[in-house]
>>> print(open('data-v7.txt').read())   # compact mmCIF, C-alpha atoms and all ligand atoms
# COMPACT_ATOMS: atom_id res chain seq x y z
CA MET Q 85 0.00 0.00 0.00
CA TRP Q 86 2.80 2.38 0.99
CA GLN Q 87 4.59 1.55 -2.27
CA PHE Q 88 1.42 2.19 -4.28
CA GLU Q 89 0.88 5.61 -2.61
CA ASN Q 90 4.52 6.49 -3.08
CA CYS Q 91 4.26 5.60 -6.74
CA LEU Q 92 1.10 7.72 -7.13
CA PHE Q 93 2.90 10.66 -5.47
CA LYS Q 94 5.79 10.33 -7.91
CA LEU Q 95 3.41 10.20 -10.85
CA GLN Q 96 1.73 13.40 -9.63
CA ILE Q 97 5.08 15.15 -9.47
CA ILE Q 98 5.94 14.02 -13.01
CA PHE Q 99 2.52 15.12 -14.25
CA LYS Q 100 2.85 18.53 -12.59
CA PHE Q 101 6.34 18.94 -13.99
CA SER Q 102 5.21 18.13 -17.53
CA ASN Q 103 2.26 20.53 -17.16
CA LEU Q 104 4.68 23.19 -16.06
CA GLN Q 105 6.80 22.60 -19.15
CA ILE Q 106 3.80 22.73 -21.44
CA SER Q 107 2.44 25.95 -19.97
CA ASN Q 108 5.76 27.62 -20.85
CA TYR Q 109 4.62 27.61 -24.47
CA MET Q 110 1.87 30.19 -24.91
CA SER Q 111 1.45 29.52 -28.61
CA VAL Q 112 3.31 28.91 -31.83
CA LEU Q 113 3.10 31.77 -34.32
CA ILE Q 114 3.71 30.93 -37.97
CA PHE Q 115 4.71 33.63 -40.42
CA ILE Q 116 2.72 33.01 -43.61
CA ASP Q 117 4.28 34.81 -46.54
CA GLN Q 118 2.54 35.59 -49.76
CA ASN Q 119 3.32 36.68 -53.27
CA ASP Q 120 0.83 38.87 -55.13
CA GLY Q 121 -1.84 37.99 -52.57
CA LYS Q 122 -1.30 34.24 -52.88
CA VAL Q 123 0.08 32.21 -50.00
CA LYS Q 124 3.39 30.58 -50.95
CA LYS Q 125 3.76 26.78 -50.97
CA ALA Q 126 6.67 27.08 -48.54
CA SER Q 127 4.29 28.73 -46.08
CA LEU Q 128 1.93 25.75 -46.23
CA GLU Q 129 4.86 23.59 -45.14
CA ALA Q 130 5.64 26.07 -42.36
CA ILE Q 131 2.00 25.95 -41.18
CA SER Q 132 1.98 22.14 -41.18
CA TYR Q 133 5.28 22.16 -39.29
CA GLY Q 134 4.11 24.80 -36.80
CA ALA Q 135 0.82 22.98 -36.21
CA LYS Q 136 2.60 19.71 -35.48
CA LEU Q 137 5.06 21.52 -33.22
CA ALA Q 138 2.19 23.17 -31.32
CA GLU Q 139 0.58 19.77 -30.87
CA GLN Q 140 3.89 18.41 -29.57
CA LEU Q 141 4.14 21.29 -27.08
CA GLY Q 142 0.50 21.04 -26.02
CA THR Q 143 -0.34 24.51 -27.29
CA THR Q 144 -2.08 26.10 -30.27
CA ALA Q 145 -0.81 27.18 -33.68
CA GLU Q 146 -1.64 30.65 -34.95
CA GLY Q 147 -0.69 32.28 -38.23
CA LEU Q 148 0.35 35.79 -39.20
CA VAL Q 149 -0.26 37.29 -42.65
CA LEU Q 150 1.01 40.72 -43.68
CA GLY Q 151 -0.35 42.75 -46.59
CA THR Q 152 -3.46 42.40 -48.70
CA VAL Q 153 -4.34 38.90 -49.89
CA SER Q 154 -6.70 37.34 -52.39
CA ASP Q 155 -6.46 33.81 -50.97
CA ASP Q 156 -9.08 32.59 -48.50
CA LEU Q 157 -7.12 32.73 -45.24
CA ALA Q 158 -9.75 30.84 -43.25
CA ALA Q 159 -9.16 27.83 -45.53
CA LEU Q 160 -5.60 27.60 -44.17
CA GLY Q 161 -7.20 26.04 -41.10
CA LYS Q 162 -7.03 22.71 -42.87
CA TYR Q 163 -3.25 22.75 -42.37
CA GLY Q 164 -3.73 22.90 -38.61
CA VAL Q 165 -3.66 26.61 -37.78
CA LYS Q 166 -6.49 27.68 -35.46
CA LYS Q 167 -6.34 31.43 -35.79
CA ILE Q 168 -4.83 33.81 -38.33
CA HIS Q 169 -3.83 37.35 -37.44
CA HIS Q 170 -3.96 39.60 -40.46
CA VAL Q 171 -2.33 43.01 -40.78
CA ALA Q 172 -4.01 44.08 -44.03
CA ASN Q 173 -1.89 47.14 -44.64
CA GLU Q 174 -0.96 47.82 -48.27
CA THR Q 175 2.49 49.05 -47.27
CA LEU Q 176 3.24 45.43 -46.43
CA ASN Q 177 2.53 44.19 -49.95
CA HIS Q 178 6.25 44.49 -50.69
CA LEU Q 179 8.75 42.82 -48.44
CA ASP Q 180 10.83 45.28 -46.46
CA ALA Q 181 12.66 43.20 -43.86
CA GLN Q 182 13.01 46.07 -41.36
CA VAL Q 183 9.35 47.04 -41.53
CA TYR Q 184 8.22 43.42 -41.43
CA THR Q 185 10.42 42.65 -38.43
CA LYS Q 186 8.85 45.43 -36.38
CA VAL Q 187 5.32 44.32 -37.28
CA ILE Q 188 6.06 40.66 -36.51
CA ALA Q 189 7.59 41.66 -33.16
CA GLN Q 190 4.33 43.46 -32.32
CA ALA Q 191 2.37 40.35 -33.31
CA VAL Q 192 4.55 38.20 -31.06
CA GLU Q 193 3.86 40.62 -28.20
CA ALA Q 194 0.10 40.72 -28.91
CA THR Q 195 -0.31 36.95 -29.20
CA GLY Q 196 2.12 36.03 -26.42
CA ALA Q 197 3.77 33.55 -28.76
CA THR Q 198 6.93 31.92 -27.52
CA VAL Q 199 7.84 30.05 -30.69
CA VAL Q 200 7.87 31.72 -34.11
CA VAL Q 201 8.10 29.58 -37.24
CA PHE Q 202 9.32 30.80 -40.64
CA SER Q 203 10.06 29.12 -43.92
CA TYR Q 204 13.78 29.51 -44.59
CA ASN Q 205 13.05 30.99 -48.02
CA VAL Q 206 14.06 34.45 -49.27
CA ASP Q 207 11.60 36.22 -46.92
CA GLY Q 208 12.47 34.05 -43.93
CA LYS Q 209 16.20 34.51 -44.49
CA ALA Q 210 15.74 38.29 -44.47
CA ILE Q 211 13.38 38.53 -41.50
CA ALA Q 212 14.15 35.71 -39.05
CA PRO Q 213 17.68 36.88 -38.09
CA ARG Q 214 16.45 40.45 -37.57
CA LEU Q 215 13.58 39.24 -35.41
CA SER Q 216 16.01 37.08 -33.48
CA VAL Q 217 18.04 40.18 -32.58
CA LYS Q 218 14.97 42.27 -31.79
CA LEU Q 219 13.37 39.68 -29.51
CA LYS Q 220 16.67 38.34 -28.16
CA ALA Q 221 15.37 34.97 -29.29
CA GLY Q 222 17.53 32.00 -30.28
CA LEU Q 223 17.19 31.12 -33.95
CA ALA Q 224 17.61 27.75 -35.64
CA ALA Q 225 17.86 28.52 -39.34
CA GLY Q 226 17.50 25.80 -41.96
CA ALA Q 227 15.74 23.30 -39.68
CA THR Q 228 14.93 20.00 -41.34
CA SER Q 229 12.71 18.30 -38.77
CA LEU Q 230 10.64 18.94 -35.68
CA PRO Q 231 12.58 19.84 -32.52
CA ASP Q 232 13.28 17.22 -29.90
CA THR Q 233 11.59 18.73 -26.84
CA SER Q 234 12.31 15.83 -24.49
CA LYS Q 235 15.47 17.55 -23.18
CA GLY Q 236 15.21 21.21 -24.08
CA PHE Q 237 14.43 22.38 -27.62
CA VAL Q 238 16.89 20.66 -29.90
CA VAL Q 239 16.57 21.45 -33.60
CA LYS Q 240 18.31 19.58 -36.41
CA ARG Q 241 19.52 21.93 -39.10
CA ASN Q 242 21.53 21.86 -42.31
CA VAL Q 243 25.02 23.34 -42.19
CA PHE Q 244 27.88 23.68 -44.71
CA SER Q 245 25.46 23.89 -47.66
CA GLY Q 246 23.68 20.72 -46.61
CA LYS Q 247 26.92 18.68 -46.28
CA ALA Q 248 26.46 18.23 -42.54
CA ARG Q 249 23.78 18.42 -39.85
CA ALA Q 250 24.00 20.33 -36.58
CA PHE Q 251 21.82 19.86 -33.52
CA VAL Q 252 21.19 23.16 -31.76
CA ASN Q 253 19.45 23.60 -28.44
CA ILE Q 254 17.55 26.90 -28.24
CA THR Q 255 17.69 27.95 -24.62
CA THR Q 256 16.10 31.41 -24.77
CA ASP Q 257 12.48 31.89 -23.64
CA LYS Q 258 11.45 32.96 -27.10
CA LYS Q 259 12.49 30.69 -29.93
CA ILE Q 260 12.57 31.05 -33.69
CA VAL Q 261 12.70 28.13 -36.10
CA ALA Q 262 13.11 28.65 -39.84
CA ILE Q 263 12.51 25.44 -41.76
CA SER Q 264 14.19 24.57 -45.04
CA PRO Q 265 11.67 24.58 -47.90
CA ASN Q 266 10.61 21.08 -48.99
CA SER Q 267 11.98 19.49 -45.83
CA TYR Q 268 8.60 19.12 -44.15
CA GLN Q 269 5.56 17.67 -45.82
CA THR Q 270 2.40 19.75 -46.20
CA ILE Q 271 -0.34 18.00 -44.24
CA ALA Q 272 -3.89 18.96 -45.20
CA GLY Q 273 -6.78 17.87 -43.04
CA GLU Q 274 -10.05 19.61 -42.32
CA GLY Q 275 -11.15 22.74 -40.51
CA THR Q 276 -11.14 26.49 -40.95
CA ALA Q 277 -9.15 29.13 -39.15
CA GLU Q 278 -10.59 32.16 -37.42
CA VAL Q 279 -9.25 35.25 -39.19
CA VAL Q 280 -8.77 38.31 -36.99
CA ALA Q 281 -7.50 41.76 -37.89
CA LEU Q 282 -4.38 42.77 -36.02
CA ASN Q 283 -3.64 46.42 -35.44
CA ALA Q 284 0.02 47.17 -35.75
CA THR Q 285 2.14 50.24 -36.30
CA VAL Q 286 3.60 49.99 -39.79
CA ASP Q 287 6.65 52.17 -40.51
CA THR Q 288 7.17 53.84 -43.85
CA PRO Q 289 9.76 51.73 -45.69
CA LYS Q 290 13.14 53.38 -46.23
CA VAL Q 291 13.34 51.72 -49.64
CA LYS Q 292 10.77 52.55 -52.29
CA VAL Q 293 9.88 49.89 -54.88
CA ILE Q 294 9.88 51.61 -58.27
CA SER Q 295 9.18 48.64 -60.50
CA GLU Q 296 9.21 44.87 -60.43
CA ASN Q 297 10.18 42.43 -63.18
CA LYS Q 298 8.61 39.10 -62.40
CA VAL Q 299 9.16 35.80 -64.15
CA THR Q 300 5.75 34.67 -65.33
CA GLY Q 301 4.35 31.51 -66.85
CA THR Q 302 6.33 28.90 -64.90
CA VAL Q 303 6.33 27.71 -61.31
CA PRO Q 304 9.11 29.60 -59.46
CA LEU Q 305 12.19 27.42 -58.91
CA SER Q 306 11.85 27.58 -55.13
CA GLU Q 307 8.37 26.05 -55.37
CA ALA Q 308 8.91 23.71 -58.33
CA GLU Q 309 8.41 19.98 -57.88
CA LEU Q 310 9.98 19.07 -61.23
CA VAL Q 311 13.16 20.73 -62.48
CA VAL Q 312 15.19 20.22 -65.67
CA SER Q 313 18.61 21.81 -65.38
CA GLY Q 314 21.37 22.37 -67.93
CA GLY Q 315 25.10 22.87 -67.60
CA ARG Q 316 28.08 23.81 -69.70
CA GLY Q 317 27.81 20.47 -71.49
CA LEU Q 318 25.09 22.05 -73.61
CA LYS Q 319 27.78 24.17 -75.30
CA GLY Q 320 25.77 27.36 -75.79
CA PRO Q 321 22.45 29.17 -75.28
CA GLU Q 322 21.30 28.23 -78.78
CA ASN Q 323 21.01 24.60 -77.63
CA TRP Q 324 18.65 25.25 -74.73
CA GLY Q 325 15.67 24.21 -76.80
CA ILE Q 326 16.15 20.57 -75.78
CA ILE Q 327 16.01 21.55 -72.09
CA GLU Q 328 12.94 23.73 -72.59
CA ASP Q 329 11.15 21.07 -74.63
CA LEU Q 330 11.68 18.43 -71.95
CA ALA Q 331 10.66 20.87 -69.21
CA LYS Q 332 7.51 21.80 -71.13
CA ALA Q 333 6.57 18.16 -71.72
CA LEU Q 334 7.03 17.37 -68.02
CA GLY Q 335 5.50 20.61 -66.74
CA ALA Q 336 8.86 21.36 -65.10
CA THR Q 337 10.79 24.54 -64.33
CA THR Q 338 14.22 25.11 -65.88
CA ALA Q 339 17.44 25.69 -63.93
CA CYS Q 340 21.15 25.86 -64.74
CA SER Q 341 24.66 25.68 -63.30
CA ARG Q 342 26.52 28.82 -62.33
CA PRO Q 343 28.92 29.13 -65.31
CA VAL Q 344 25.89 28.99 -67.58
CA ALA Q 345 24.31 31.97 -65.82
CA ASP Q 346 27.67 33.76 -65.56
CA ALA Q 347 28.08 33.43 -69.33
CA HIS Q 348 24.56 34.87 -69.76
CA TRP Q 349 23.37 31.74 -71.53
CA ARG Q 350 20.52 31.72 -68.99
CA PRO Q 351 19.10 34.31 -66.57
CA HIS Q 352 20.63 34.42 -63.11
CA HIS Q 353 17.42 33.48 -61.32
CA GLU Q 354 17.85 29.97 -62.81
CA HIS Q 355 21.27 29.45 -61.23
CA VAL Q 356 21.22 26.80 -58.50
CA GLY Q 357 23.93 25.83 -56.06
CA GLN Q 358 25.91 27.21 -53.17
CA THR Q 359 25.83 30.74 -54.53
CA GLY Q 360 22.45 30.41 -56.25
CA GLY Q 361 19.06 28.98 -55.39
CA SER Q 362 18.74 26.06 -53.03
CA ILE Q 363 15.99 23.73 -54.16
CA ALA Q 364 14.49 20.38 -53.16
CA PRO Q 365 12.10 19.29 -55.92
CA ASN Q 366 10.66 15.80 -56.23
CA LEU Q 367 12.62 15.34 -59.46
CA TYR Q 368 15.85 17.06 -60.57
CA ILE Q 369 17.15 16.19 -64.04
CA ALA Q 370 20.72 17.41 -64.54
CA VAL Q 371 21.87 17.56 -68.15
CA GLY Q 372 25.53 18.17 -69.00
CA ILE Q 373 26.38 19.23 -65.44
CA SER Q 374 29.53 17.78 -63.87
CA GLY Q 375 28.23 17.75 -60.28
CA ALA Q 376 30.76 20.01 -58.53
CA ILE Q 377 30.18 20.26 -54.76
CA GLN Q 378 29.11 23.88 -55.13
CA HIS Q 379 26.36 22.80 -57.52
CA LEU Q 380 25.32 19.83 -55.38
CA ALA Q 381 25.00 22.12 -52.35
CA GLY Q 382 21.89 23.63 -53.91
CA VAL Q 383 20.23 20.50 -55.25
CA ASN Q 384 21.23 17.55 -53.07
CA ARG Q 385 17.95 17.66 -51.14
CA SER Q 386 16.03 16.75 -54.31
CA LYS Q 387 13.99 13.59 -53.78
CA VAL Q 388 15.06 11.92 -57.05
CA ILE Q 389 18.11 12.99 -59.08
CA VAL Q 390 18.54 11.92 -62.71
CA VAL Q 391 21.92 12.68 -64.31
CA ILE Q 392 22.57 12.74 -68.05
CA ASN Q 393 26.25 13.08 -68.86
CA LYS Q 394 28.52 11.68 -71.57
CA ASP Q 395 31.37 11.15 -69.10
CA PRO Q 396 30.79 8.00 -66.99
CA GLU Q 397 33.27 9.41 -64.43
CA ALA Q 398 31.29 12.64 -63.88
CA PRO Q 399 31.04 13.18 -60.09
CA PHE Q 400 27.29 13.86 -60.34
CA PHE Q 401 26.64 10.13 -60.92
CA LYS Q 402 27.63 9.47 -57.29
CA ALA Q 403 24.73 11.64 -56.11
CA ALA Q 404 22.29 10.33 -58.72
CA ASP Q 405 19.36 7.98 -58.21
CA TYR Q 406 19.32 7.28 -61.94
CA GLY Q 407 22.08 7.97 -64.44
CA ILE Q 408 22.24 7.93 -68.22
CA VAL Q 409 25.72 7.91 -69.79
CA GLY Q 410 25.23 9.46 -73.18
CA ASP Q 411 25.24 12.54 -75.36
CA ALA Q 412 22.61 15.00 -74.13
CA PHE Q 413 21.74 15.96 -77.69
CA GLU Q 414 20.69 12.39 -78.43
CA VAL Q 415 19.28 11.35 -75.04
CA VAL Q 416 17.18 14.38 -74.06
CA PRO Q 417 15.01 14.57 -77.24
CA LYS Q 418 14.30 10.84 -76.87
CA ILE Q 419 13.12 11.32 -73.28
CA THR Q 420 10.99 14.27 -74.37
CA GLU Q 421 9.36 12.17 -77.08
CA ALA Q 422 8.69 9.35 -74.60
CA VAL Q 423 7.14 11.78 -72.08
CA LYS Q 424 4.94 13.32 -74.78
CA LYS Q 425 3.82 9.89 -75.93
CA MET Q 426 3.03 8.86 -72.37
CA LYS Q 427 1.04 12.05 -71.78
CA GLY Q 428 -0.60 12.00 -75.19
CA ILE Q 429 0.91 15.37 -76.17
CA SER Q 430 1.58 15.92 -79.87
C1 LIG X 501 32.90 29.72 -54.40
C2 LIG X 501 32.27 28.99 -55.54
C3 LIG X 501 30.89 28.96 -55.62
C4 LIG X 501 30.28 28.28 -56.67
N1 LIG X 501 28.90 28.22 -56.72
C5 LIG X 501 28.32 27.50 -57.67
C6 LIG X 501 26.91 27.36 -57.72
O1 LIG X 501 26.18 27.93 -56.90
N2 LIG X 501 26.37 26.60 -58.70
C7 LIG X 501 27.12 25.96 -59.64
O2 LIG X 501 26.54 25.28 -60.50
N3 LIG X 501 28.46 26.09 -59.61
C8 LIG X 501 29.07 26.85 -58.70
N4 LIG X 501 30.42 26.97 -58.71
C9 LIG X 501 31.16 26.44 -59.86
C10 LIG X 501 31.42 24.94 -59.74
O3 LIG X 501 32.62 24.71 -59.02
C11 LIG X 501 31.56 24.31 -61.14
O4 LIG X 501 32.60 24.96 -61.82
C12 LIG X 501 30.30 24.38 -61.97
O5 LIG X 501 29.20 23.86 -61.25
C13 LIG X 501 30.48 23.61 -63.24
O6 LIG X 501 29.37 23.81 -64.07
P1 LIG X 501 28.99 22.71 -65.14
O7 LIG X 501 28.85 21.40 -64.48
O8 LIG X 501 27.84 23.25 -65.92
O9 LIG X 501 30.24 22.75 -66.16
P2 LIG X 501 31.45 21.75 -66.32
O10 LIG X 501 32.16 21.51 -65.04
O11 LIG X 501 32.23 22.27 -67.46
O12 LIG X 501 30.77 20.37 -66.71
C14 LIG X 501 30.12 20.12 -67.91
C15 LIG X 501 29.70 18.67 -67.93
O13 LIG X 501 28.99 18.41 -69.11
C16 LIG X 501 29.37 17.14 -69.60
N5 LIG X 501 29.12 17.14 -71.03
C17 LIG X 501 29.83 17.78 -72.01
N6 LIG X 501 29.25 17.57 -73.21
C18 LIG X 501 28.17 16.80 -72.98
C19 LIG X 501 27.18 16.26 -73.83
N7 LIG X 501 27.15 16.47 -75.15
N8 LIG X 501 26.23 15.47 -73.27
C20 LIG X 501 26.21 15.22 -71.94
N9 LIG X 501 27.13 15.72 -71.09
C21 LIG X 501 28.09 16.50 -71.61
C22 LIG X 501 30.82 16.99 -69.22
O14 LIG X 501 31.20 15.61 -69.15
C23 LIG X 501 30.86 17.67 -67.87
O15 LIG X 501 30.65 16.75 -66.82
C24 LIG X 501 31.06 27.64 -57.67
C25 LIG X 501 32.45 27.67 -57.57
C26 LIG X 501 33.04 28.35 -56.53
C27 LIG X 501 34.54 28.37 -56.45
>>> encode(input="data-v7.txt", output="structure tokens")
Amino acid sequence: MWQFENCLFKLQIIFKFSNLQISNYMSVLIFIDQNDGKVKKASLEAISYGAKLAEQLGTTAEGLVLGTVSDDLAALGKYGVKKIHHVANETLNHLDAQVYTKVIAQAVEATGATVVVFSYNVDGKAIAPRLSVKLKAGLAAGATSLPDTSKGFVVKRNVFSGKARAFVNITTDKKIVAISPNSYQTIAGEGTAEVVALNATVDTPKVKVISENKVTGTVPLSEAELVVSGGRGLKGPENWGIIEDLAKALGATTACSRPVADAHWRPHHEHVGQTGGSIAPNLYIAVGISGAIQHLAGVNRSKVIVVINKDPEAPFFKAADYGIVGDAFEVVPKITEAVKKMKGIS
């Protein structure tokens, strides 16, 4: 009997302790970024991640949207967010990291959030470090999975361009996690979110946007699930037709290696790698690219990598799931034809 009571007492202590830990987390606030009023795919991953994290911490997930939007924000509830705070101020339609940081800091204050989640995309990279300084909050940038909260708040993150992983324990009261795009699956369920207007002081940006040149017609590289990429093996810009034809047949976005962009064969926004875009599509087809580490740094998180190269010793084959040793000018048109046939495209 004494043993049983003693055991019950211990259980109560453990229960109280875990309650105490849980109550430390007021809520998880997810920054939902948008482009031209449309919520970005990377933000859907951030919401799914934040919702799961909130569940893990025994708290609720709330979202924050800045600027005017055309998307139905309440519908984002299906990704697990319960409430969305919306600062519908037109000044926020263009990203200004300094202005955004101040507004997000006000939202953190208003909601009492203790964990802020970003996507580690262009917006997240610009804002999260500034917010970290402003809130004196520890930041784990480039997280690839949910934190281990059993002993602290340990986040796994990519370092050295994805060549290694670091485990960082965020010990500050407020915590910021910025997750690598495409590293966490979007989970859609059911439900709607309550959308509430948030009043915040919005500074006048110090930088004025005069004009914007946007790439239209294709899925942006950062959001693309299928990518066909060309390297110096294609010899010149006049040969890019075979890359574009394959991309069109697949419904893919085109990319390139750095020397190709440096030589102005392709626009710089297509350049992927350590000094270019970092992507993680479901399929990455590399044509005439050697596979230098600086290139791999931007694409090695792709789910499936297909390499087409005439040199069987090309380093890229080591990172490939499928490899074709052959001349791109013979192989690529054949694949394009096969894809078209399969899809019934003439
Ligand atoms: C600090 C630093 C940062 C860098 N950042 C980046 C970066 O972000 N992104 C990046 O891409 N690079 C980057 N680089 C450059 C990188 O080191 C490589 O030089 C570059 O990736 C090579 O590009 P490539 O593979 O297109 O060209 P190459 O190395 O010239 O390779 C061409 C390939 O095409 C193959 N080939 C030739 N003809 C054919 C054919 N007919 N059919 C099929 N295959 C053929 C060849 O066998 C070869 O493997 C960086 C370098 C440095 C020093």
>>> atom_distance(input="data-v7.txt", atom1="atom CA of Q:Val415", atom2="atom CA of Q:Gln358")
27.8 Å
>>> residues_near_ligand(input="data-v7.txt", ligand="ligand LIG 501 (chain X)", cutoff="10 Å", atoms="all atoms listed in the file", output="JSON, numbers by chain")
{"Q": [313, 314, 315, 316, 317, 318, 319, 339, 340, 341, 342, 343, 344, 345, 346, 355, 356, 357, 358, 359, 360, 361, 362, 370, 371, 372, 373, 374, 375, 376, 377, 378, 379, 380, 381, 382, 383, 391, 392, 393, 394, 395, 396, 397, 398, 399, 400, 401, 408, 409, 410, 411, 412, 413, 414, 415, 416]}
>>> residues_near_point(input="data-v7.txt", point="(11.3, 35.4, -30.4)", cutoff="9 Å", atoms="only C-alpha atoms", output="compact mmCIF listing (two decimals) with C-alpha atoms, in the frame of the given file")
# COMPACT_ATOMS: atom_id res chain seq x y z
CA ALA Q 189 7.59 41.66 -33.16
CA VAL Q 192 4.55 38.20 -31.06
CA ALA Q 197 3.77 33.55 -28.76
CA THR Q 198 6.93 31.92 -27.52
CA VAL Q 199 7.84 30.05 -30.69
CA VAL Q 200 7.87 31.72 -34.11
CA LEU Q 215 13.58 39.24 -35.41
CA SER Q 216 16.01 37.08 -33.48
CA VAL Q 217 18.04 40.18 -32.58
CA LYS Q 218 14.97 42.27 -31.79
CA LEU Q 219 13.37 39.68 -29.51
CA LYS Q 220 16.67 38.34 -28.16
CA ALA Q 221 15.37 34.97 -29.29
CA GLY Q 222 17.53 32.00 -30.28
CA LEU Q 223 17.19 31.12 -33.95
CA THR Q 256 16.10 31.41 -24.77
CA ASP Q 257 12.48 31.89 -23.64
CA LYS Q 258 11.45 32.96 -27.10
CA LYS Q 259 12.49 30.69 -29.93
CA ILE Q 260 12.57 31.05 -33.69
>>> residues_around(input="data-v7.txt", residues="Q:Lys290", least_positions_apart="6", cutoff="12 Å", atoms="all atoms listed in the file", output="list in words")
Thr175, Leu179, Asp180, Ala181, Gln182 and Val183 of chain Q
>>> residues_around(input="data-v7.txt", residues="stretch 159-173 of chain Q", least_positions_apart="3", cutoff="10 Å", atoms="only C-alpha atoms", output="ChimeraX atom specification")
/Q:112-116,123,128-136,138-139,144-153,155-156,176-177,187-188,191,194-195,270-286
>>> closest_residue(input="data-v7.txt", among="Q:Ile389, Q:Lys298, Q:Ala364, Q:Asp329", to="Q:Glu421", atoms="all atoms listed in the file")
Q:Asp329
>>> closest_residue(input="data-v7.txt", among="Q:Lys240, Q:Lys209, Q:Arg350, Q:Arg214", to="Q:Gly320", atoms="only C-alpha atoms")
Q:Arg350
>>> atom_distance(input="data-v7.txt", atom1="atom CA of Q:Ala225", atom2="atom CA of Q:Tyr204")
6.7 Å
>>> atom_distance(input="data-v7.txt", atom1="atom CA of Q:Asn323", atom2="atom CA of Q:Ile419")
16.0 Å
>>> closest_residue(input="data-v7.txt", among="Q:Val261, Q:Ala422, Q:Ala224, Q:Ala212", to="Q:Leu330", atoms="all atoms listed in the file")
Q:Ala422
>>> residues_around(input="data-v7.txt", residues="Q:Glu309", least_positions_apart="5", cutoff="10 Å", atoms="all atoms listed in the file", output="ChimeraX atom specification")
/Q:266,303-304,335-337,363-368,386-387
>>> residues_around(input="data-v7.txt", residues="Q:Ala227", least_positions_apart="2", cutoff="10 Å", atoms="all atoms listed in the file", output="NGL selection string")
:Q and (202-204 or 223-225 or 229-231 or 239-243 or 249-252 or 261-265 or 267-268)
